[in-house]
Amino acid sequence: MASEPTQNEEVAKDLEAVEELANARDAIVGEIRKRIFGQEELIEHLLVAMFARGHSLLMGVPGLAKTSLISTVAQVLNLDFNRIQFTPDLMPADITGTDILEEDGSGKRVFKFIRGPVFTNLLLADEINRTPPKTQAALLQAMQEYKVSAGGRTYDLTKPFLVFATQNPIEQEGTYPLPEAQLDRFMFHLKVDYPSAEEELLIVENTTSGVTSEVKSVLDAETILRLQEIVNRVPVSKEVLEAAVTLVRKTRPEDASAPDFVREFVSFGAGPRASQYLVLAGKARALLGGRLTVSREDIYALAHPILRHRILTNFQAEAQRVDSDQIIDRLLKL
């Protein structure tokens with residue numbers, strides 16, 4: 001009969017896993033850079049989201065390789081990948097799947113569920129704000145519970161399961177802004193900026209030569225699930241927990257700890273899910289950096305993508321052109 005592993009053995013295994021994840025991180029980034037030039041911070045945040053089990057919303061103008069980046073990440077991690085182009089006529093069943101009537105071997109007619117594109121590991125929801133709220137809401141259960149309900153039955157999604165959604169900030173006519181409840185389901189709100197002059201030169205040079213760089217798979221779904229479990233087990237000191245909670249509470253204008261500029265410019269601050277995500281993402285960031293301890297720097301480094309879509313500014317802020325990123329900047333300097 002096999003004996004239970006001792007505490008020292010478990011710690012040793014976790015240390016090996018930390019080293020494995022840190023090495024894998026370097027290999028993953030190296031493969032991604034064969035196709036994607038620049039965007040280091042964006043790549044880092046996507047990897048943090050992957051191992052922290054967090055969905056991400058990417059905001060950027062067309063042509064910044066958002067789709068290419070996400071499909072490349074899926075290929076490097078050896079994950080099943082599906083892309084949905086959201087349009088005004090897209091229906092919920094187009095995402096989740098539908099029942100069809102067919103005959104079995106005995107000639108009897110039965111309903112068979114045909115799975116939709118949501119049944120994958122990595123789902124790209126392209127231009128998610130171009131489809132009506134009814135269809136947007138079809139993703140809510142999948143994102144939160146990893147399940148889909150259709151035809152009176154519930155189907156489990158294959159894990160790992162992540163949604164990376166994109167939005168175009170330019171065209172707002174004919175779009176359906178995501179409601180706050182659905183925005184809150186996304187761990188990260190990531191801004192995709194223009195490349196630098198040097199990066200753009202590399203992009204043009206490498207994408208107009210007619211040669212496509214091949215990337216190798218570094219991990220697989222089973223390994224990612226195991227590493228995600230290790231992220232959950234990373235210990236966090238009370239000091240770091242308090243730093244995360246204190247930062248989030250300061251975003252709420254009615255809280256006693258809120259500074260004057262928050263009371264002046266913010267209508268609603270971030271909820272408890274922001275505190276949870278700061279800690280979970282901080283754990284993943286620490287492990288990706290080869291560390292088994294989470295620091296305040298890990299929390300503060302992730303404040304912008306986690307808080308920017310959870311801080312709702314008021315008319316006064318709009319009049320003075322103060323956005324949530326500027327408020328976060330000021331909070332981090334306190």
# chains A, B, ... in the order shown; residues from 1 in each chain; ligands from 1

$ select_by_dssp --residues "region 51-240 of chain A" --states "strand (DSSP E or B)" --output "compact mmCIF listing (two decimals) with all heavy atoms, in the first residue's frame"
# COMPACT_ATOMS: atom_id res chain seq x y z
N HIS A 55 -10.81 34.92 -17.77
CA HIS A 55 -11.16 35.36 -19.11
C HIS A 55 -10.65 36.79 -19.32
O HIS A 55 -10.50 37.56 -18.36
CB HIS A 55 -12.67 35.31 -19.31
CG HIS A 55 -13.29 34.00 -18.91
ND1 HIS A 55 -13.07 32.83 -19.61
CD2 HIS A 55 -14.09 33.67 -17.86
CE1 HIS A 55 -13.73 31.84 -19.03
NE2 HIS A 55 -14.35 32.32 -17.97
N SER A 56 -10.41 37.17 -20.58
CA SER A 56 -9.83 38.48 -20.87
C SER A 56 -10.58 39.16 -22.00
O SER A 56 -11.01 38.51 -22.97
CB SER A 56 -8.35 38.35 -21.25
OG SER A 56 -7.60 37.85 -20.17
N LEU A 57 -10.71 40.48 -21.87
CA LEU A 57 -11.32 41.32 -22.90
C LEU A 57 -10.23 42.22 -23.48
O LEU A 57 -9.59 42.96 -22.74
CB LEU A 57 -12.44 42.18 -22.30
CG LEU A 57 -13.16 43.15 -23.23
CD1 LEU A 57 -13.91 42.40 -24.33
CD2 LEU A 57 -14.13 44.04 -22.45
N LEU A 58 -10.01 42.12 -24.80
CA LEU A 58 -8.96 42.89 -25.46
C LEU A 58 -9.58 44.03 -26.24
O LEU A 58 -10.47 43.80 -27.08
CB LEU A 58 -8.14 42.00 -26.41
CG LEU A 58 -7.15 41.02 -25.79
CD1 LEU A 58 -7.87 39.85 -25.11
CD2 LEU A 58 -6.20 40.47 -26.86
N MET A 59 -9.12 45.24 -25.97
CA MET A 59 -9.65 46.43 -26.64
C MET A 59 -8.55 47.02 -27.51
O MET A 59 -7.46 47.36 -27.02
CB MET A 59 -10.11 47.46 -25.61
CG MET A 59 -10.65 48.75 -26.20
SD MET A 59 -12.32 48.56 -26.85
CE MET A 59 -13.24 48.60 -25.30
N PHE A 81 -8.98 25.32 -30.35
CA PHE A 81 -9.26 26.75 -30.53
C PHE A 81 -10.43 26.94 -31.48
O PHE A 81 -10.48 26.31 -32.53
CB PHE A 81 -8.00 27.44 -31.09
CG PHE A 81 -8.23 28.87 -31.50
CD1 PHE A 81 -8.35 29.88 -30.57
CD2 PHE A 81 -8.29 29.20 -32.85
CE1 PHE A 81 -8.56 31.20 -30.96
CE2 PHE A 81 -8.49 30.51 -33.26
CZ PHE A 81 -8.62 31.52 -32.30
N ASN A 82 -11.37 27.80 -31.09
CA ASN A 82 -12.47 28.18 -31.97
C ASN A 82 -12.62 29.69 -31.96
O ASN A 82 -12.34 30.35 -30.94
CB ASN A 82 -13.79 27.55 -31.53
CG ASN A 82 -13.92 26.10 -31.97
OD1 ASN A 82 -13.34 25.69 -32.97
ND2 ASN A 82 -14.68 25.32 -31.23
N ARG A 83 -13.05 30.23 -33.07
CA ARG A 83 -13.28 31.67 -33.20
C ARG A 83 -14.71 31.92 -33.62
O ARG A 83 -15.21 31.26 -34.54
CB ARG A 83 -12.33 32.28 -34.23
CG ARG A 83 -12.56 33.74 -34.54
CD ARG A 83 -11.55 34.23 -35.57
NE ARG A 83 -11.77 35.61 -35.97
CZ ARG A 83 -12.53 35.98 -37.00
NH1 ARG A 83 -13.16 35.05 -37.72
NH2 ARG A 83 -12.68 37.25 -37.31
N ILE A 84 -15.38 32.84 -32.93
CA ILE A 84 -16.74 33.24 -33.29
C ILE A 84 -16.71 34.72 -33.68
O ILE A 84 -16.28 35.56 -32.89
CB ILE A 84 -17.74 33.04 -32.14
CG1 ILE A 84 -17.74 31.59 -31.66
CG2 ILE A 84 -19.13 33.47 -32.56
CD1 ILE A 84 -18.61 31.37 -30.44
N GLN A 85 -17.16 35.02 -34.90
CA GLN A 85 -17.29 36.41 -35.31
C GLN A 85 -18.69 36.89 -34.91
O GLN A 85 -19.68 36.45 -35.47
CB GLN A 85 -17.10 36.55 -36.83
CG GLN A 85 -17.23 37.97 -37.34
CD GLN A 85 -16.13 38.87 -36.81
OE1 GLN A 85 -14.96 38.53 -36.90
NE2 GLN A 85 -16.51 40.02 -36.27
N GLY A 97 -24.85 25.62 -29.26
CA GLY A 97 -25.24 24.39 -29.95
C GLY A 97 -26.75 24.24 -29.96
O GLY A 97 -27.48 25.02 -29.33
N THR A 98 -27.24 23.23 -30.65
CA THR A 98 -28.68 23.06 -30.77
C THR A 98 -29.03 21.59 -30.93
O THR A 98 -28.18 20.76 -31.29
CB THR A 98 -29.21 23.86 -31.99
OG1 THR A 98 -30.62 23.82 -32.02
CG2 THR A 98 -28.65 23.28 -33.29
N ASP A 99 -30.31 21.27 -30.66
CA ASP A 99 -30.82 19.91 -30.86
C ASP A 99 -31.35 19.75 -32.28
O ASP A 99 -32.05 20.63 -32.79
CB ASP A 99 -31.95 19.62 -29.87
CG ASP A 99 -31.44 19.42 -28.45
OD1 ASP A 99 -30.49 18.64 -28.28
OD2 ASP A 99 -31.98 20.05 -27.52
N ILE A 100 -31.01 18.65 -32.91
CA ILE A 100 -31.56 18.35 -34.23
C ILE A 100 -32.27 17.00 -34.15
O ILE A 100 -31.96 16.15 -33.31
CB ILE A 100 -30.47 18.30 -35.31
CG1 ILE A 100 -29.47 17.18 -35.03
CG2 ILE A 100 -29.76 19.64 -35.43
CD1 ILE A 100 -28.53 16.93 -36.19
N LEU A 101 -33.25 16.82 -35.02
CA LEU A 101 -34.03 15.58 -35.06
C LEU A 101 -33.43 14.65 -36.11
O LEU A 101 -33.26 15.04 -37.28
CB LEU A 101 -35.49 15.89 -35.40
CG LEU A 101 -36.50 14.76 -35.23
CD1 LEU A 101 -36.57 14.33 -33.77
CD2 LEU A 101 -37.88 15.20 -35.72
N GLU A 102 -33.08 13.43 -35.69
CA GLU A 102 -32.53 12.47 -36.64
C GLU A 102 -33.03 11.07 -36.30
O GLU A 102 -33.56 10.83 -35.22
CB GLU A 102 -31.00 12.52 -36.61
CG GLU A 102 -30.38 12.04 -35.32
CD GLU A 102 -28.86 11.98 -35.41
OE1 GLU A 102 -28.29 12.59 -36.33
OE2 GLU A 102 -28.25 11.34 -34.55
N GLU A 103 -32.86 10.17 -37.23
CA GLU A 103 -33.29 8.79 -37.04
C GLU A 103 -32.13 7.95 -36.52
O GLU A 103 -31.00 8.08 -36.98
CB GLU A 103 -33.80 8.20 -38.35
CG GLU A 103 -35.13 8.77 -38.81
CD GLU A 103 -35.69 8.01 -40.00
OE1 GLU A 103 -35.05 7.02 -40.41
OE2 GLU A 103 -36.74 8.42 -40.53
N ARG A 109 -37.14 8.35 -34.40
CA ARG A 109 -36.63 9.71 -34.44
C ARG A 109 -36.28 10.18 -33.03
O ARG A 109 -37.09 10.06 -32.11
CB ARG A 109 -37.67 10.66 -35.06
CG ARG A 109 -37.89 10.41 -36.55
CD ARG A 109 -38.79 11.47 -37.14
NE ARG A 109 -38.92 11.31 -38.58
CZ ARG A 109 -39.61 12.15 -39.35
NH1 ARG A 109 -40.23 13.18 -38.81
NH2 ARG A 109 -39.67 11.95 -40.64
N VAL A 110 -35.09 10.69 -32.89
CA VAL A 110 -34.62 11.17 -31.58
C VAL A 110 -33.91 12.50 -31.79
O VAL A 110 -33.44 12.82 -32.88
CB VAL A 110 -33.65 10.17 -30.92
CG1 VAL A 110 -34.36 8.87 -30.58
CG2 VAL A 110 -32.45 9.91 -31.82
N PHE A 111 -33.86 13.29 -30.68
CA PHE A 111 -33.13 14.55 -30.71
C PHE A 111 -31.67 14.30 -30.36
O PHE A 111 -31.35 13.55 -29.44
CB PHE A 111 -33.74 15.55 -29.72
CG PHE A 111 -34.99 16.22 -30.23
CD1 PHE A 111 -36.24 15.81 -29.78
CD2 PHE A 111 -34.91 17.23 -31.17
CE1 PHE A 111 -37.39 16.43 -30.25
CE2 PHE A 111 -36.05 17.86 -31.64
CZ PHE A 111 -37.29 17.45 -31.19
N LYS A 112 -30.80 14.91 -31.12
CA LYS A 112 -29.37 14.81 -30.88
C LYS A 112 -28.80 16.22 -30.74
O LYS A 112 -29.08 17.10 -31.56
CB LYS A 112 -28.67 14.08 -32.03
CG LYS A 112 -27.17 13.95 -31.84
CD LYS A 112 -26.53 13.23 -33.02
CE LYS A 112 -25.00 13.14 -32.83
NZ LYS A 112 -24.36 12.46 -33.98
N PHE A 113 -28.00 16.41 -29.68
CA PHE A 113 -27.42 17.73 -29.44
C PHE A 113 -26.14 17.88 -30.25
O PHE A 113 -25.22 17.07 -30.16
CB PHE A 113 -27.12 17.92 -27.95
CG PHE A 113 -26.52 19.26 -27.62
CD1 PHE A 113 -27.26 20.42 -27.74
CD2 PHE A 113 -25.20 19.35 -27.20
CE1 PHE A 113 -26.71 21.65 -27.44
CE2 PHE A 113 -24.64 20.59 -26.89
CZ PHE A 113 -25.40 21.74 -27.01
N ILE A 114 -26.10 18.92 -31.06
CA ILE A 114 -24.91 19.25 -31.85
C ILE A 114 -24.19 20.38 -31.13
O ILE A 114 -24.73 21.48 -30.97
CB ILE A 114 -25.27 19.68 -33.28
CG1 ILE A 114 -26.07 18.57 -33.97
CG2 ILE A 114 -24.01 20.01 -34.06
CD1 ILE A 114 -25.32 17.26 -34.11
N ARG A 115 -22.99 20.10 -30.68
CA ARG A 115 -22.26 21.07 -29.87
C ARG A 115 -21.82 22.27 -30.71
O ARG A 115 -21.40 22.13 -31.86
CB ARG A 115 -21.04 20.41 -29.24
CG ARG A 115 -21.42 19.27 -28.30
CD ARG A 115 -20.23 18.77 -27.54
NE ARG A 115 -20.63 17.81 -26.51
CZ ARG A 115 -19.92 17.51 -25.44
NH1 ARG A 115 -18.73 18.09 -25.27
NH2 ARG A 115 -20.36 16.65 -24.55
N LEU A 122 -10.00 27.15 -25.92
CA LEU A 122 -9.77 28.59 -26.02
C LEU A 122 -10.72 29.15 -27.06
O LEU A 122 -10.65 28.81 -28.23
CB LEU A 122 -8.31 28.86 -26.40
CG LEU A 122 -7.83 30.31 -26.39
CD1 LEU A 122 -8.10 30.96 -25.04
CD2 LEU A 122 -6.34 30.38 -26.72
N LEU A 123 -11.61 30.03 -26.61
CA LEU A 123 -12.63 30.60 -27.49
C LEU A 123 -12.33 32.07 -27.72
O LEU A 123 -12.22 32.85 -26.77
CB LEU A 123 -14.02 30.45 -26.87
CG LEU A 123 -15.17 31.05 -27.68
CD1 LEU A 123 -15.38 30.26 -28.97
CD2 LEU A 123 -16.46 31.07 -26.87
N LEU A 124 -12.20 32.46 -28.99
CA LEU A 124 -12.04 33.86 -29.34
C LEU A 124 -13.40 34.42 -29.73
O LEU A 124 -13.98 34.02 -30.74
CB LEU A 124 -11.05 34.01 -30.49
CG LEU A 124 -10.93 35.41 -31.09
CD1 LEU A 124 -10.52 36.43 -30.03
CD2 LEU A 124 -9.96 35.42 -32.26
N ALA A 125 -13.92 35.33 -28.91
CA ALA A 125 -15.18 36.00 -29.19
C ALA A 125 -14.85 37.34 -29.86
O ALA A 125 -14.62 38.35 -29.18
CB ALA A 125 -15.98 36.21 -27.91
N ASP A 126 -14.83 37.33 -31.19
CA ASP A 126 -14.35 38.50 -31.94
C ASP A 126 -15.45 39.55 -32.05
O ASP A 126 -16.56 39.26 -32.50
CB ASP A 126 -13.89 38.06 -33.33
CG ASP A 126 -12.65 38.79 -33.79
OD1 ASP A 126 -12.25 39.75 -33.11
OD2 ASP A 126 -12.07 38.39 -34.81
N LYS A 147 -20.27 25.37 -17.97
CA LYS A 147 -21.37 24.49 -18.38
C LYS A 147 -22.23 25.21 -19.41
O LYS A 147 -22.22 26.44 -19.50
CB LYS A 147 -22.25 24.09 -17.18
CG LYS A 147 -21.54 23.26 -16.13
CD LYS A 147 -22.47 22.95 -14.97
CE LYS A 147 -21.75 22.11 -13.92
NZ LYS A 147 -22.64 21.81 -12.76
N VAL A 148 -22.98 24.43 -20.17
CA VAL A 148 -23.92 24.96 -21.14
C VAL A 148 -25.25 24.23 -20.96
O VAL A 148 -25.27 23.00 -20.86
CB VAL A 148 -23.40 24.77 -22.59
CG1 VAL A 148 -24.52 24.98 -23.60
CG2 VAL A 148 -22.25 25.71 -22.87
N SER A 149 -26.34 24.98 -20.91
CA SER A 149 -27.68 24.40 -20.80
C SER A 149 -28.39 24.55 -22.15
O SER A 149 -28.46 25.64 -22.70
CB SER A 149 -28.49 25.08 -19.71
OG SER A 149 -27.92 24.84 -18.44
N ALA A 150 -28.92 23.44 -22.66
CA ALA A 150 -29.63 23.45 -23.93
C ALA A 150 -30.60 22.29 -23.96
O ALA A 150 -30.24 21.17 -23.56
CB ALA A 150 -28.65 23.36 -25.10
N ARG A 153 -31.11 20.13 -20.86
CA ARG A 153 -29.97 19.38 -20.33
C ARG A 153 -28.79 20.30 -20.13
O ARG A 153 -28.69 21.37 -20.74
CB ARG A 153 -29.57 18.25 -21.28
CG ARG A 153 -30.62 17.15 -21.41
CD ARG A 153 -30.11 16.03 -22.30
NE ARG A 153 -31.08 14.95 -22.43
CZ ARG A 153 -30.88 13.84 -23.13
NH1 ARG A 153 -29.71 13.69 -23.77
NH2 ARG A 153 -31.80 12.91 -23.21
N THR A 154 -27.88 19.87 -19.26
CA THR A 154 -26.67 20.63 -18.99
C THR A 154 -25.45 19.83 -19.42
O THR A 154 -25.33 18.65 -19.11
CB THR A 154 -26.56 20.97 -17.48
OG1 THR A 154 -27.70 21.74 -17.09
CG2 THR A 154 -25.30 21.78 -17.20
N TYR A 155 -24.57 20.49 -20.16
CA TYR A 155 -23.38 19.84 -20.70
C TYR A 155 -22.14 20.52 -20.13
O TYR A 155 -22.05 21.75 -20.10
CB TYR A 155 -23.36 19.91 -22.23
CG TYR A 155 -24.60 19.32 -22.88
CD1 TYR A 155 -25.73 20.10 -23.12
CD2 TYR A 155 -24.63 17.99 -23.26
CE1 TYR A 155 -26.85 19.56 -23.72
CE2 TYR A 155 -25.75 17.44 -23.88
CZ TYR A 155 -26.86 18.23 -24.09
OH TYR A 155 -27.98 17.69 -24.69
N ASP A 156 -21.19 19.72 -19.69
CA ASP A 156 -19.94 20.25 -19.15
C ASP A 156 -19.00 20.62 -20.29
O ASP A 156 -18.91 19.91 -21.30
CB ASP A 156 -19.26 19.23 -18.25
CG ASP A 156 -20.04 18.99 -16.95
OD1 ASP A 156 -20.67 19.94 -16.47
OD2 ASP A 156 -20.00 17.85 -16.44
N LEU A 162 -11.24 28.95 -21.63
CA LEU A 162 -11.05 30.38 -21.47
C LEU A 162 -11.68 31.12 -22.64
O LEU A 162 -11.66 30.63 -23.78
CB LEU A 162 -9.56 30.74 -21.41
CG LEU A 162 -8.81 30.42 -20.10
CD1 LEU A 162 -7.34 30.69 -20.27
CD2 LEU A 162 -9.37 31.24 -18.96
N VAL A 163 -12.23 32.28 -22.33
CA VAL A 163 -12.78 33.16 -23.36
C VAL A 163 -11.90 34.40 -23.47
O VAL A 163 -11.68 35.09 -22.48
CB VAL A 163 -14.23 33.58 -23.03
CG1 VAL A 163 -14.72 34.62 -24.05
CG2 VAL A 163 -15.15 32.38 -23.02
N PHE A 164 -11.38 34.64 -24.66
CA PHE A 164 -10.68 35.88 -24.95
C PHE A 164 -11.56 36.63 -25.95
O PHE A 164 -11.74 36.18 -27.08
CB PHE A 164 -9.30 35.62 -25.56
CG PHE A 164 -8.30 35.08 -24.56
CD1 PHE A 164 -7.13 34.48 -24.99
CD2 PHE A 164 -8.51 35.18 -23.20
CE1 PHE A 164 -6.20 33.99 -24.08
CE2 PHE A 164 -7.60 34.70 -22.29
CZ PHE A 164 -6.43 34.10 -22.72
N ALA A 165 -12.11 37.75 -25.52
CA ALA A 165 -13.02 38.53 -26.36
C ALA A 165 -12.34 39.81 -26.83
O ALA A 165 -11.46 40.34 -26.15
CB ALA A 165 -14.29 38.87 -25.58
N THR A 166 -12.73 40.29 -28.00
CA THR A 166 -12.16 41.54 -28.53
C THR A 166 -13.27 42.57 -28.76
O THR A 166 -14.43 42.21 -28.98
CB THR A 166 -11.41 41.31 -29.85
OG1 THR A 166 -12.35 40.98 -30.89
CG2 THR A 166 -10.38 40.20 -29.72
N GLN A 167 -12.86 43.83 -28.68
CA GLN A 167 -13.75 44.94 -29.00
C GLN A 167 -12.99 45.99 -29.80
O GLN A 167 -11.79 46.20 -29.58
CB GLN A 167 -14.32 45.60 -27.73
CG GLN A 167 -15.43 44.83 -27.08
CD GLN A 167 -16.13 45.63 -26.00
OE1 GLN A 167 -17.12 45.17 -25.41
NE2 GLN A 167 -15.68 46.83 -25.72
N PHE A 186 -14.95 39.14 -16.77
CA PHE A 186 -13.61 39.14 -17.35
C PHE A 186 -12.60 39.54 -16.29
O PHE A 186 -12.72 40.60 -15.67
CB PHE A 186 -13.54 40.11 -18.53
CG PHE A 186 -14.30 39.66 -19.74
CD1 PHE A 186 -15.58 40.13 -20.00
CD2 PHE A 186 -13.75 38.74 -20.63
CE1 PHE A 186 -16.29 39.72 -21.11
CE2 PHE A 186 -14.45 38.32 -21.75
CZ PHE A 186 -15.72 38.80 -21.99
N MET A 187 -11.60 38.70 -16.09
CA MET A 187 -10.54 39.04 -15.14
C MET A 187 -9.79 40.28 -15.60
O MET A 187 -9.55 41.20 -14.81
CB MET A 187 -9.57 37.87 -15.00
CG MET A 187 -8.34 38.18 -14.15
SD MET A 187 -7.19 36.80 -13.99
CE MET A 187 -8.01 35.84 -12.71
N PHE A 188 -9.41 40.31 -16.88
CA PHE A 188 -8.60 41.40 -17.42
C PHE A 188 -9.35 42.18 -18.49
O PHE A 188 -10.08 41.60 -19.30
CB PHE A 188 -7.31 40.86 -18.05
CG PHE A 188 -6.29 40.37 -17.07
CD1 PHE A 188 -5.32 39.45 -17.49
CD2 PHE A 188 -6.25 40.79 -15.76
CE1 PHE A 188 -4.35 38.99 -16.62
CE2 PHE A 188 -5.30 40.33 -14.88
CZ PHE A 188 -4.35 39.43 -15.30
N HIS A 189 -9.14 43.48 -18.48
CA HIS A 189 -9.51 44.35 -19.59
C HIS A 189 -8.19 44.89 -20.13
O HIS A 189 -7.56 45.75 -19.52
CB HIS A 189 -10.42 45.48 -19.10
CG HIS A 189 -10.92 46.38 -20.22
ND1 HIS A 189 -10.08 47.16 -20.98
CD2 HIS A 189 -12.16 46.62 -20.69
CE1 HIS A 189 -10.79 47.84 -21.86
NE2 HIS A 189 -12.05 47.53 -21.71
N LEU A 190 -7.76 44.37 -21.29
CA LEU A 190 -6.43 44.66 -21.81
C LEU A 190 -6.51 45.63 -22.99
O LEU A 190 -7.31 45.44 -23.91
CB LEU A 190 -5.75 43.36 -22.26
CG LEU A 190 -5.63 42.28 -21.19
CD1 LEU A 190 -5.11 40.98 -21.81
CD2 LEU A 190 -4.71 42.73 -20.07
N LYS A 191 -5.69 46.66 -22.94
CA LYS A 191 -5.60 47.60 -24.04
C LYS A 191 -4.48 47.18 -24.99
O LYS A 191 -3.35 46.96 -24.55
CB LYS A 191 -5.33 49.01 -23.51
CG LYS A 191 -6.53 49.65 -22.80
CD LYS A 191 -6.23 51.09 -22.44
CE LYS A 191 -7.46 51.75 -21.83
NZ LYS A 191 -7.19 53.17 -21.46

$ closest_residue --among "A:Ile95, A:Ala256, A:Ala284, A:Ile36" --to "Ser68 (chain A)" --atoms "only C-alpha atoms"
A:Ile36

$ residues_around --residues "region 60-67 of chain A" --least-positions-apart "4" --cutoff "7 Å" --atoms "only C-alpha atoms" --output "number ranges by chain"
A: 71, 167-170, 191-194

$ atom_distance --atom1 "CA of Leu201 (chain A)" --atom2 "CA of Leu69 (chain A)"
17.7 Å

$ closest_residue --among "A:Leu288, A:Ala244, A:Val279, A:Leu183" --to "Val29 (chain A)" --atoms "only C-alpha atoms"
A:Leu288

$ atom_distance --atom1 "CA of Ser196 (chain A)" --atom2 "CA of Phe37 (chain A)"
9.8 Å

$ closest_residue --among "A:Asn23, A:Thr72, A:Gln141, A:Ser209" --to "Ile43 (chain A)" --atoms "only C-alpha atoms"
A:Thr72

$ atom_distance --atom1 "CA of Leu225 (chain A)" --atom2 "CA of Lys159 (chain A)"
7.5 Å

$ residues_around --residues "Asp184 (chain A)" --least-positions-apart "6" --cutoff "12 Å" --atoms "only C-alpha atoms" --output "MDAnalysis selection string"
chainID A and resid 54:57 140 143:144 178 269:274 276:277 305:312

$ select_by_dssp --residues "region 111-141 of chain A" --states "helix (DSSP H, G or I)" --output "NGL selection string"
:A and (128-130 or 133-136 or 138-141)

$ closest_residue --among "A:Ala138, A:Ala221, A:Asn314, A:Leu292" --to "Glu16 (chain A)" --atoms "only C-alpha atoms"
A:Leu292

$ closest_atom_pairs --of "region 38-145 of chain A" --to "region 227-232 of chain A" --cutoff "8 Å" --atoms "only C-alpha atoms" --output "Markdown table"
| residue | atom | partner | partner_atom | distance |
| --- | --- | --- | --- | --- |
| A:Phe51 | CA | A:Gln228 | CA | 5.1 |
| A:Ala52 | CA | A:Gln228 | CA | 6.4 |
| A:Arg53 | CA | A:Gln228 | CA | 7.2 |

$ decode --residues "region 142-189 of chain A" --atoms "C-alpha atoms" --output "CSV table (one decimal), in the first residue's frame"
chain,number,residue,atom,x,y,z
A,142,ALA,CA,-20.1,29.0,-19.8
A,143,MET,CA,-17.6,31.6,-18.5
A,144,GLN,CA,-18.8,31.3,-14.9
A,145,GLU,CA,-19.8,27.7,-14.5
A,146,TYR,CA,-18.0,25.9,-17.4
A,147,LYS,CA,-21.4,24.5,-18.4
A,148,VAL,CA,-23.9,25.0,-21.1
A,149,SER,CA,-27.7,24.4,-20.8
A,150,ALA,CA,-29.6,23.5,-23.9
A,151,GLY,CA,-32.8,21.5,-24.5
A,152,GLY,CA,-33.4,21.0,-20.8
A,153,ARG,CA,-30.0,19.4,-20.3
A,154,THR,CA,-26.7,20.6,-19.0
A,155,TYR,CA,-23.4,19.8,-20.7
A,156,ASP,CA,-19.9,20.3,-19.2
A,157,LEU,CA,-17.3,22.1,-21.1
A,158,THR,CA,-13.8,20.7,-21.6
A,159,LYS,CA,-11.2,22.2,-19.3
A,160,PRO,CA,-9.2,24.3,-19.5
A,161,PHE,CA,-11.7,26.7,-20.9
A,162,LEU,CA,-11.0,30.4,-21.5
A,163,VAL,CA,-12.8,33.2,-23.4
A,164,PHE,CA,-10.7,35.9,-25.0
A,165,ALA,CA,-13.0,38.5,-26.4
A,166,THR,CA,-12.2,41.5,-28.5
A,167,GLN,CA,-13.8,44.9,-29.0
A,168,ASN,CA,-13.1,47.7,-31.5
A,169,PRO,CA,-13.1,51.1,-29.7
A,170,ILE,CA,-13.6,53.1,-32.9
A,171,GLU,CA,-17.0,52.1,-34.3
A,172,GLN,CA,-19.7,52.4,-31.7
A,173,GLU,CA,-22.7,52.8,-34.0
A,174,GLY,CA,-24.8,49.6,-34.2
A,175,THR,CA,-23.0,48.0,-31.2
A,176,TYR,CA,-24.3,46.7,-27.9
A,177,PRO,CA,-22.0,47.7,-25.0
A,178,LEU,CA,-21.5,44.8,-22.6
A,179,PRO,CA,-23.5,45.2,-19.4
A,180,GLU,CA,-21.5,45.6,-16.2
A,181,ALA,CA,-22.5,42.1,-14.9
A,182,GLN,CA,-20.9,40.6,-18.0
A,183,LEU,CA,-17.8,42.9,-17.9
A,184,ASP,CA,-17.2,41.7,-14.4
A,185,ARG,CA,-16.8,38.1,-15.6
A,186,PHE,CA,-13.6,39.1,-17.3
A,187,MET,CA,-10.5,39.0,-15.1
A,188,PHE,CA,-8.6,41.4,-17.4
A,189,HIS,CA,-9.5,44.3,-19.6
